[in-house]
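What follows is a short report on a single structure.
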Amino acid sequence: MRYDFDKVFNKENTDSVKWNFTKKILGYDDVIPMWIADMDFETVPEVKEAIIKRASQGIYGYSETMAGYYDAIINWMEKRHQWKVEKEWLCISPGVITALNIVVKALTHPGDKIIIQSPVYYPFFNSISRNGCEILNNPLKSVEDRYYIDFEDLEEKIKDERVKLMIICNPHNPIGRVWTKEELQKIGEICLKHDVVVVSDEIHSDLIYRGYKHTSFASISKEFEQNSITCTAPSKTFNLAGLQTSNIIIPNKKLRKEYNIALENMGISRLNLFGVIGCEAAYKYGEEWLEQLLDYIEENKNFTEKYISEKIPKLKVVKAEGTYLLWIDFRELGMKGKELKKFMMTKAKVAFNEGFIFGEGGEGFERMNIACPRSILKEALERIEKAINNI
């Protein structure tokens, strides 16, 4: 069947952080929210039907995760990412960021160091610092509007004996790079050499544009598999973030035991009932929906790049290889930090994630969520064009 991604849903009474709490969170009314990373599309119909069917039973007591949930994840990972995952490797978490906090608690001690690659998804920073560890930044290099890993810097910094983990983001949020197998291979070899565990955030792994291919870090070799923790979820792929269900894959028995002990110490023992149901239905029935979604988002990406190139030439869009997030260079406007944020909120009336919150290398950039009906995207771009051309 054909799915209608042009449909603008009724935003009233959805309790949407993105649409219903803009004044409370952002401090401004009448802005188009293109910041938080969820989509403005209805999810897979079979997911909705499965949740409604279970909700109609009227009994919501403690429940256990059934075999169908595990089978759906295993089958999805093998079909979409060519990685054969074992059931015993699957661990639970309400979210990927929750899992990162659990991993840091489980595998480090206060004062240990963790490598990240900025500009990067900003909750990584708190996952490290709030758990008593030190951030060790391996900043990405931008060459002709494409980002690369600085391997010389990585090899130098990882020599520090207090480095215990490296958190990678693949596809990378916010810059949209899909790391190649060769790049991941090099990261893996460096980390193995220095006994550093790789934590791979692959929550956007299903959202890849034509011409690119996602490689799951752990799938490259058995050695990498045993030296890694992979964080996935159906939330970004199928717009299920509110169901609070992520799938954490830990092949190494010792690492898995440490993770589960930390999980129990936080009082987390089960997943949300409807999250499990939604995850299973999405992976079982959502592939055709996803294929059509990818076509639509790629058309949105192309539309945005063309619009900005022709009508707002002071801005530059970094070419995205994956995710539904665009990393846009506003530096030619000569505004920094909160000044640029205020301009976008008050003059353009569009809300982005400001680049500076993503750490070193983010100043002067904005992250834009294009997972919305094209009519909303067009209106946002028209607002930005008018505001910038009136400076």
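The chains in the structure tokens are called A, B, ... from first to last as shown; in each chain the residues are counted from 1, and the ligands are counted from 1 in the order shown.
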
Practice prompt. Just the residues within 10 Å of range 234-238 of chain A, please, counting only C-alpha atoms, with nothing from its chain fewer than 5 positions along; format it as number ranges by chain.
Written response: A: 37-39, 41-44, 47, 73, 95-96, 203-207, 243-247, 275, 278-280, 282-283, 286-287, 289-290, 293-294, 323-324

Discussion item. When you look at range 192-195 of chain A with a cut-off of 8 Å (counting only C-alpha atoms), what residues show up, excluding the ones that are within fewer than 4 positions of it in the same chain? I need them as a PyMOL selection string.
Written reply: chain A and resi 158-159+164+188+224+227

Serialized selection, C-alpha atoms, as a CSV table (one decimal), in the first residue's frame:
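Output file out_2.csv is given in full below:
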chain,number,residue,atom,x,y,z
A,158,ILE,CA,43.9,6.7,23.5
A,159,LYS,CA,47.3,6.0,24.9
A,164,LYS,CA,38.2,2.9,29.2
A,188,GLY,CA,38.2,-1.1,16.1
A,224,PHE,CA,35.0,-6.3,17.5
A,227,ASN,CA,34.8,-5.7,22.4

Discussion item. Could you go through range 13-105 of chain A and tell me which residues DSSP, when run on the backbone, assigns to alpha helix (DSSP H), listing them as a PyMOL selection string?
Written reply: chain A and resi 17-20+22-26+45-55+67-81+96-105

Selection above as a file: N, CA and C atoms, as a compact mmCIF listing (two decimals), in the first residue's frame:
# COMPACT_ATOMS: atom_id res chain seq x y z
N VAL A 17 6.14 16.86 22.90
CA VAL A 17 7.17 17.79 23.35
C VAL A 17 7.49 18.79 22.25
N LYS A 18 7.51 18.29 21.05
CA LYS A 18 7.90 19.10 19.89
C LYS A 18 6.89 20.20 19.58
N TRP A 19 5.59 19.89 19.66
CA TRP A 19 4.57 20.83 19.21
C TRP A 19 3.77 21.48 20.34
N ASN A 20 3.55 20.79 21.43
CA ASN A 20 2.65 21.30 22.46
C ASN A 20 3.34 21.97 23.65
N THR A 22 6.29 24.12 23.19
CA THR A 22 7.32 25.02 22.66
C THR A 22 7.51 26.24 23.56
N LYS A 23 6.44 26.79 24.08
CA LYS A 23 6.55 27.97 24.95
C LYS A 23 7.29 27.61 26.24
N LYS A 24 6.92 26.49 26.84
CA LYS A 24 7.53 26.08 28.11
C LYS A 24 9.01 25.75 27.94
N ILE A 25 9.35 25.03 26.86
CA ILE A 25 10.71 24.55 26.68
C ILE A 25 11.61 25.58 26.02
N LEU A 26 11.09 26.22 24.97
CA LEU A 26 11.91 27.12 24.17
C LEU A 26 11.74 28.59 24.54
N PRO A 45 0.86 1.33 10.37
CA PRO A 45 -0.51 0.99 10.80
C PRO A 45 -0.59 -0.26 11.68
N GLU A 46 0.21 -1.28 11.36
CA GLU A 46 0.18 -2.52 12.15
C GLU A 46 0.66 -2.30 13.58
N VAL A 47 1.53 -1.33 13.79
CA VAL A 47 1.97 -1.00 15.15
C VAL A 47 0.80 -0.43 15.94
N LYS A 48 0.13 0.51 15.33
CA LYS A 48 -1.05 1.13 15.96
C LYS A 48 -2.11 0.06 16.28
N GLU A 49 -2.36 -0.84 15.33
CA GLU A 49 -3.37 -1.89 15.52
C GLU A 49 -2.97 -2.84 16.65
N ALA A 50 -1.69 -3.19 16.71
CA ALA A 50 -1.23 -4.11 17.75
C ALA A 50 -1.37 -3.50 19.14
N ILE A 51 -1.06 -2.22 19.25
CA ILE A 51 -1.16 -1.54 20.55
C ILE A 51 -2.63 -1.41 20.97
N ILE A 52 -3.49 -1.03 20.02
CA ILE A 52 -4.92 -0.90 20.33
C ILE A 52 -5.51 -2.24 20.75
N LYS A 53 -5.12 -3.30 20.04
CA LYS A 53 -5.63 -4.63 20.36
C LYS A 53 -5.25 -5.03 21.77
N ARG A 54 -3.99 -4.80 22.14
CA ARG A 54 -3.55 -5.17 23.49
C ARG A 54 -4.19 -4.26 24.53
N ALA A 55 -4.34 -2.98 24.22
CA ALA A 55 -4.93 -2.03 25.18
C ALA A 55 -6.39 -2.39 25.47
N ALA A 67 8.80 -14.40 23.16
CA ALA A 67 9.76 -14.81 22.13
C ALA A 67 9.62 -14.01 20.85
N GLY A 68 8.41 -13.59 20.51
CA GLY A 68 8.19 -12.86 19.28
C GLY A 68 8.96 -11.56 19.21
N TYR A 69 9.12 -10.92 20.36
CA TYR A 69 9.88 -9.67 20.44
C TYR A 69 11.35 -9.92 20.07
N TYR A 70 11.95 -10.94 20.67
CA TYR A 70 13.35 -11.26 20.39
C TYR A 70 13.54 -11.70 18.94
N ASP A 71 12.62 -12.52 18.46
CA ASP A 71 12.72 -12.99 17.07
C ASP A 71 12.65 -11.83 16.09
N ALA A 72 11.79 -10.86 16.37
CA ALA A 72 11.64 -9.72 15.47
C ALA A 72 12.94 -8.91 15.39
N ILE A 73 13.58 -8.70 16.53
CA ILE A 73 14.85 -7.95 16.54
C ILE A 73 15.93 -8.73 15.80
N ILE A 74 16.05 -10.02 16.11
CA ILE A 74 17.08 -10.86 15.49
C ILE A 74 16.91 -10.90 13.98
N ASN A 75 15.67 -11.10 13.52
CA ASN A 75 15.41 -11.16 12.09
C ASN A 75 15.69 -9.83 11.40
N TRP A 76 15.34 -8.74 12.06
CA TRP A 76 15.56 -7.41 11.49
C TRP A 76 17.06 -7.12 11.35
N MET A 77 17.81 -7.42 12.37
CA MET A 77 19.25 -7.15 12.33
C MET A 77 19.94 -7.98 11.25
N GLU A 78 19.50 -9.22 11.09
CA GLU A 78 20.13 -10.06 10.07
C GLU A 78 19.74 -9.62 8.66
N LYS A 79 18.47 -9.28 8.46
CA LYS A 79 18.01 -8.90 7.12
C LYS A 79 18.50 -7.52 6.71
N ARG A 80 18.40 -6.54 7.62
CA ARG A 80 18.72 -5.16 7.26
C ARG A 80 20.20 -4.84 7.42
N HIS A 81 20.89 -5.53 8.33
CA HIS A 81 22.27 -5.17 8.65
C HIS A 81 23.27 -6.32 8.57
N VAL A 96 18.39 4.79 24.55
CA VAL A 96 19.82 4.66 24.29
C VAL A 96 20.62 5.50 25.27
N ILE A 97 20.19 6.71 25.58
CA ILE A 97 20.94 7.54 26.52
C ILE A 97 20.92 6.92 27.92
N THR A 98 19.80 6.33 28.30
CA THR A 98 19.77 5.58 29.57
C THR A 98 20.82 4.49 29.54
N ALA A 99 20.89 3.78 28.41
CA ALA A 99 21.87 2.69 28.28
C ALA A 99 23.29 3.21 28.39
N LEU A 100 23.58 4.36 27.78
CA LEU A 100 24.93 4.92 27.88
C LEU A 100 25.28 5.23 29.33
N ASN A 101 24.34 5.77 30.07
CA ASN A 101 24.58 6.02 31.49
C ASN A 101 24.85 4.73 32.25
N ILE A 102 24.09 3.69 31.92
CA ILE A 102 24.28 2.40 32.58
C ILE A 102 25.65 1.82 32.24
N VAL A 103 26.04 1.92 30.98
CA VAL A 103 27.34 1.40 30.55
C VAL A 103 28.48 2.11 31.28
N VAL A 104 28.37 3.44 31.37
CA VAL A 104 29.42 4.20 32.06
C VAL A 104 29.51 3.77 33.53
N LYS A 105 28.37 3.62 34.18
CA LYS A 105 28.36 3.17 35.57
C LYS A 105 28.96 1.77 35.71

Worksheet item: Contacts of Ile376 in chain A at 12 Å or less, counting only C-alpha atoms, minus same-chain residues fewer than 6 places along, as a ChimeraX atom specification?
Response: /A:5-9,31-34,40-41,300,304,350,369-370,382-383

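Taking the backbone of this structure through DSSP, the residues of range 189-347 of chain A that come out as strand (DSSP E) are Val197, Val198, Val199, Ser200, Asp201, Ser228, Ile229, Thr230, Cys231, Thr232, Ser246, Asn247, Ile248, Ile249, Lys316, Val317, Leu325, Leu326, Trp327, Ile328 and Asp329 of chain A.
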
Would you output that residue set with C-alpha atoms, as a CSV table (one decimal), in the first residue's frame?
chain,number,residue,atom,x,y,z
A,197,VAL,CA,35.6,-1.0,24.7
A,198,VAL,CA,33.6,0.5,21.8
A,199,VAL,CA,30.1,1.7,22.6
A,200,SER,CA,28.3,2.2,19.2
A,201,ASP,CA,25.1,4.3,19.2
A,228,SER,CA,31.6,-3.7,21.8
A,229,ILE,CA,28.2,-2.7,23.0
A,230,THR,CA,25.7,-1.8,20.3
A,231,CYS,CA,22.7,0.5,21.1
A,232,THR,CA,19.7,0.3,18.8
A,246,SER,CA,15.6,0.3,23.2
A,247,ASN,CA,17.5,-2.9,22.3
A,248,ILE,CA,21.1,-3.1,23.7
A,249,ILE,CA,23.2,-5.8,22.1
A,316,LYS,CA,25.5,25.8,3.4
A,317,VAL,CA,24.0,22.3,3.9
A,325,LEU,CA,18.8,15.5,10.4
A,326,LEU,CA,20.6,18.2,8.4
A,327,TRP,CA,23.7,20.0,9.7
A,328,ILE,CA,23.6,23.6,8.3
A,329,ASP,CA,26.4,26.1,8.3

Worksheet item: So, counting only C-alpha atoms, which residue among A:Asp112, A:Glu363, A:Lys386, A:Tyr209 is closest to Ile308 in chain A?
Response: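 So, comparing all the options, the nearest one is A:Lys386.
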
Discussion item. I need the residue nearest Asn252 in chain A from this list: A:Ala218, A:Cys191, A:Ala351, A:Ala281. Use only C-alpha atoms for the distance.
Written reply: A:Ala218

Practice prompt. Identify, on the basis of only C-alpha atoms, every residue whose closest approach to Ile149 in chain A does not exceed 12 Å; exclude the query and any residue fewer than 5 positions from it along the same chain; express the result as number ranges by chain.
Written response: A: 116-119, 137-143, 154-155, 168-169, 172, 177-180, 182-184, 186-187

Could you please take those selected residues and save C-alpha atoms as an mmCIF file, in the first residue's frame?
data_model
loop_
_atom_site.group_PDB
_atom_site.id
_atom_site.type_symbol
_atom_site.label_atom_id
_atom_site.label_comp_id
_atom_site.auth_asym_id
_atom_site.auth_seq_id
_atom_site.Cartn_x
_atom_site.Cartn_y
_atom_site.Cartn_z
ATOM 1 C CA ILE A 116 33.797 10.992 21.979
ATOM 2 C CA GLN A 117 33.924 12.741 18.597
ATOM 3 C CA SER A 118 32.429 16.225 18.508
ATOM 4 C CA PRO A 119 30.347 17.835 17.223
ATOM 5 C CA ASN A 137 37.426 14.679 22.742
ATOM 6 C CA ASN A 138 38.637 13.375 19.391
ATOM 7 C CA PRO A 139 37.107 16.185 17.272
ATOM 8 C CA LEU A 140 36.056 15.422 13.733
ATOM 9 C CA LYS A 141 37.819 17.208 10.884
ATOM 10 C CA SER A 142 35.816 19.123 8.283
ATOM 11 C CA VAL A 143 37.384 19.122 4.828
ATOM 12 C CA LEU A 154 42.723 9.385 18.279
ATOM 13 C CA GLU A 155 45.841 7.224 18.402
ATOM 14 C CA ILE A 168 30.896 6.340 18.520
ATOM 15 C CA CYS A 169 27.781 7.578 16.732
ATOM 16 C CA HIS A 172 26.712 10.313 13.192
ATOM 17 C CA ARG A 177 28.046 10.791 8.155
ATOM 18 C CA VAL A 178 27.625 7.045 7.703
ATOM 19 C CA TRP A 179 31.017 5.695 8.675
ATOM 20 C CA THR A 180 32.518 3.294 6.143
ATOM 21 C CA GLU A 182 37.217 0.879 6.567
ATOM 22 C CA GLU A 183 36.808 3.765 9.020
ATOM 23 C CA LEU A 184 35.145 1.518 11.579
ATOM 24 C CA LYS A 186 40.498 1.389 11.952
ATOM 25 C CA ILE A 187 38.627 2.534 15.066
#
